[in-house]
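**Student:** Here it is: the structure, laid out below.
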Amino acid sequence: MKKTMAQRLKPYLFLMPMLVFAAGFVYYPFFKTFLYSFSRVNARGDILGFVGLQNFTYLFSRREFSAALGNTLRLAVINVPVTVALTMFLALLCTRKRGISAAAETMFALPMAIAMSAVALIFKVLLNPTVGYVNHLFGLTVGWYRDKNTALSGIILLTVWMGIGFNFLLFLSAFRGVPDQLIESARLDGAGGAAVFFFIRFPLITPTLLYVVCTNMVQALMTSGPVMILTQGGPSRSTTTLIYMMYTSGYGSSNYSLAACVVLVTFALTLVCTLLAFAAERKKVHYQ
């Protein structure tokens, strides 16, 4: 039986609201950003002329960009493995339900329920060089956010803590989704805890691991909120990230062309990291 025109159009009509939203808030802004990066733009956002690669040449020659790129990459390289390993360990501890499981799960998922701005202010107090609990507890005299040698470490501590909640829930669900029959069979064959983890549990949660790595990498490369609240890129540009540089260039100096170039560089980095993760998926990810 042939479909009528209405039946053929029905799926596209269901997709229409999403497509309109995506076109207005995703594709159009990206296209405009792409145009800005190759143009001379005034403070009102009007395109005055095409300049080719001059904006990118100017961007790559700035020391601020080198510092922002280095800080962003360091933050991502440290944040992602630490967050993933920590949350995977916590989820593994809570896989078996015990009497305190509900309290432990609530505590580990708690960071997800707290606003980033509130967390930033809490960490500002905890890592205060004079009255902070961390320095007092461990007998330290570290300046943390006031010292260029430790400011980025303080930002990384905050972002790792913020990433625990959601990642923990994902890994906990993945671990509890591993069939008990496989684990029991392995233990009957004499497999120890490490063997069960590396040869049964870990391979079966690799789809979740891939998702967590990709999302955490994107979040790390897009870090800007803690920097805005705690350090404003300082001291001495030690915490300036690419997105914070975009913010200061666009909203602070009205240099929309430079800000657009920073956005495209960040997008390229994110795209490359995502493609590498999906390339690893073909060999390392196992689907049940």
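Chain labels follow the order of the structure tokens: the first chain is A, the next B, and so on; residue numbering restarts at 1 in every chain, and ligands are counted from 1 in their shown order.
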Can you list every residue in range 36-214 of chain A that DSSP puts in strand (DSSP E or B), as a VMD selection string?

**Tutor:** chain A and resid 39 to 41 47 to 50

**Student:** Fewer than 4 positions away in the same chain doesn't count, so skip those; otherwise give me all residues within 7 Å of range 240-248 of chain A, counting only C-alpha atoms, as a list in words.

**Tutor:**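 Using only C-alpha atoms, the neighbours found are Ala67, Ala68, Leu69, Asn71, Thr72, Met222, Thr223, Ser224, Gly233, Gly234, Gly252, Ser253, Ala259, Val262, Val263 and Thr266 of chain A.
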
**Student:** Keeping only all heavy atoms, write the selected residues as a compact mmCIF listing (two decimals), in the first residue's frame.

**Tutor:**
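Final file, part_35.txt:
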# COMPACT_ATOMS: atom_id res chain seq x y z
N ALA A 67 49.87 30.73 26.29
CA ALA A 67 49.61 30.38 27.69
C ALA A 67 48.26 29.71 27.85
O ALA A 67 48.11 28.71 28.56
CB ALA A 67 49.69 31.64 28.56
N ALA A 68 47.24 30.25 27.16
CA ALA A 68 45.89 29.68 27.27
C ALA A 68 45.85 28.27 26.69
O ALA A 68 45.21 27.37 27.28
CB ALA A 68 44.89 30.58 26.55
N LEU A 69 46.50 28.05 25.57
CA LEU A 69 46.52 26.73 24.96
C LEU A 69 47.23 25.72 25.86
O LEU A 69 46.74 24.61 26.08
CB LEU A 69 47.20 26.79 23.59
CG LEU A 69 47.33 25.47 22.83
CD1 LEU A 69 45.96 24.90 22.53
CD2 LEU A 69 48.13 25.67 21.54
N ASN A 71 47.70 25.91 29.15
CA ASN A 71 46.90 25.68 30.36
C ASN A 71 45.71 24.76 30.08
O ASN A 71 45.39 23.88 30.88
CB ASN A 71 46.40 27.01 30.93
CG ASN A 71 47.53 27.87 31.46
OD1 ASN A 71 48.58 27.37 31.85
ND2 ASN A 71 47.32 29.17 31.46
N THR A 72 45.05 24.98 28.94
CA THR A 72 43.90 24.17 28.59
C THR A 72 44.29 22.71 28.38
O THR A 72 43.61 21.79 28.85
CB THR A 72 43.22 24.71 27.32
OG1 THR A 72 42.83 26.08 27.55
CG2 THR A 72 41.99 23.90 26.96
N MET A 222 36.59 23.10 27.66
CA MET A 222 35.69 24.25 27.72
C MET A 222 35.71 24.95 29.08
O MET A 222 34.87 25.80 29.35
CB MET A 222 34.26 23.80 27.42
CG MET A 222 34.07 23.15 26.06
SD MET A 222 34.15 24.31 24.69
CE MET A 222 32.59 25.16 24.90
N THR A 223 36.64 24.60 29.94
CA THR A 223 36.68 25.17 31.29
C THR A 223 36.84 26.68 31.26
O THR A 223 37.75 27.21 30.61
CB THR A 223 37.84 24.55 32.09
OG1 THR A 223 37.65 23.13 32.19
CG2 THR A 223 37.91 25.15 33.49
N SER A 224 35.97 27.36 31.97
CA SER A 224 36.07 28.82 32.05
C SER A 224 35.45 29.36 33.33
O SER A 224 35.95 30.33 33.90
CB SER A 224 35.41 29.48 30.85
OG SER A 224 34.03 29.16 30.81
N GLY A 233 42.02 34.47 35.22
CA GLY A 233 43.12 34.16 34.32
C GLY A 233 44.49 34.28 34.94
O GLY A 233 45.48 33.85 34.35
N GLY A 234 44.60 34.85 36.11
CA GLY A 234 45.89 35.07 36.75
C GLY A 234 46.20 33.99 37.77
O GLY A 234 45.47 32.99 37.86
N GLY A 252 35.11 41.42 26.82
CA GLY A 252 35.93 42.40 27.51
C GLY A 252 36.48 43.47 26.61
O GLY A 252 36.49 44.65 26.93
N SER A 253 36.95 43.07 25.42
CA SER A 253 37.60 44.01 24.50
C SER A 253 36.81 44.24 23.21
O SER A 253 37.26 45.01 22.36
CB SER A 253 39.00 43.49 24.13
OG SER A 253 39.78 43.27 25.29
N ALA A 259 38.03 36.55 19.21
CA ALA A 259 37.25 35.59 19.99
C ALA A 259 36.76 34.45 19.10
O ALA A 259 36.77 33.28 19.52
CB ALA A 259 36.07 36.29 20.65
N VAL A 262 39.55 31.99 18.51
CA VAL A 262 39.77 31.13 19.68
C VAL A 262 38.72 30.03 19.74
O VAL A 262 39.03 28.87 20.04
CB VAL A 262 39.74 31.97 20.97
CG1 VAL A 262 39.88 31.07 22.20
CG2 VAL A 262 40.86 33.01 20.95
N VAL A 263 37.48 30.38 19.43
CA VAL A 263 36.40 29.38 19.44
C VAL A 263 36.69 28.28 18.42
O VAL A 263 36.53 27.09 18.71
CB VAL A 263 35.05 30.05 19.13
CG1 VAL A 263 33.98 29.01 18.88
CG2 VAL A 263 34.64 30.95 20.29
N THR A 266 39.45 25.98 19.65
CA THR A 266 38.91 25.08 20.68
C THR A 266 38.04 24.00 20.06
O THR A 266 38.11 22.83 20.46
CB THR A 266 38.09 25.88 21.70
OG1 THR A 266 38.86 26.98 22.19
CG2 THR A 266 37.68 25.00 22.87

**Student:** Between A:Arg96, A:Lys148, A:Arg74, A:Arg63, which has the minimum distance to Asp180 in chain A (counting only C-alpha atoms)?

**Tutor:**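 Checking each candidate against Asp180 in chain A, we get A:Arg96 as the closest.
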
**Student:** Can you tell me which residues surround Arg44 in chain A at a distance of at most 12 Å, considering only C-alpha atoms, apart from same-chain residues fewer than 6 positions away, and format the answer as a PyMOL selection string?

**Tutor:** chain A and resi 250-251+253-257

**Student:** Do you have the CA of Ile200 in chain A-CA of Phe175 in chain A distance handy?

**Tutor:**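 Separating CA of Ile200 in chain A from CA of Phe175 in chain A is a distance of 10.2 Å.
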
**Student:** Residues of range 100-234 of chain A classed as alpha helix (DSSP H) by DSSP on the backbone are to be reported as number ranges by chain.

**Tutor:** A: 101-109, 116-126, 133-138, 151-176, 180-188, 193-196, 202-204, 206-221, 225-226

**Student:** Compile the contact shell of range 118-135 of chain A as a ChimeraX atom specification: residues with an atom at most 10 Å away, counting only C-alpha atoms, same-chain residues fewer than 4 positions apart removed.

**Tutor:** /A:111,114,139-147,154-155,157-159,161-162,225-231

**Student:** Please provide the set of residues having any atom within 10 Å of Phe267 in chain A, restricted to only C-alpha atoms, with same-chain residues fewer than 6 positions apart removed, written as a ChimeraX atom specification.

**Tutor:** /A:218,221-222,261,273

**Student:** With only C-alpha atoms as the counted atoms, please give the residues lying no more than 12 Å from Thr106 in chain A, apart from itself and same-chain residues fewer than 5 positions off, as a ChimeraX atom specification.

**Tutor:** /A:90-91,94,100-101,111-113,164-166,168-169

**Student:** Selected residues, C-alpha atoms, written as a PDB file, in the first residue's frame, please.

**Tutor:**
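Writing the result to selection.pdb gives the following:
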ATOM      1  CA  LEU A  90      34.370   4.787  43.742  1.00  0.00           C
ATOM      2  CA  ALA A  91      31.741   3.101  41.585  1.00  0.00           C
ATOM      3  CA  CYS A  94      29.696   0.676  45.656  1.00  0.00           C
ATOM      4  CA  ILE A 100      25.790   1.930  53.933  1.00  0.00           C
ATOM      5  CA  SER A 101      25.387   1.849  50.131  1.00  0.00           C
ATOM      6  CA  PRO A 111      28.872  17.174  43.635  1.00  0.00           C
ATOM      7  CA  MET A 112      26.374  16.895  40.791  1.00  0.00           C
ATOM      8  CA  ALA A 113      23.744  18.744  42.850  1.00  0.00           C
ATOM      9  CA  ILE A 164      32.737  13.050  40.369  1.00  0.00           C
ATOM     10  CA  GLY A 165      28.935  13.029  40.754  1.00  0.00           C
ATOM     11  CA  PHE A 166      27.637  12.353  37.245  1.00  0.00           C
ATOM     12  CA  PHE A 168      30.044   8.061  39.430  1.00  0.00           C
ATOM     13  CA  LEU A 169      26.401   7.397  38.589  1.00  0.00           C
TER      14      LEU A 169
END

**Student:** Expressed in Å to a single decimal, how great is the separation between CA of Gln219 in chain A and CA of Asn149 in chain A?

**Tutor:**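 Answer for the CA of Gln219 in chain A to CA of Asn149 in chain A separation: 23.0 Å.
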
**Student:** Show which residues sit within 9 Å of Leu264 in chain A, as a list of chain:residue names. Count only C-alpha atoms, and ignore same-chain residues fewer than 4 positions away.

**Tutor:**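 So the residues in contact are A:Phe30, A:Thr33, A:Phe34, A:Ser37, A:Ala259, A:Ala260, A:Ala268, A:Leu269.
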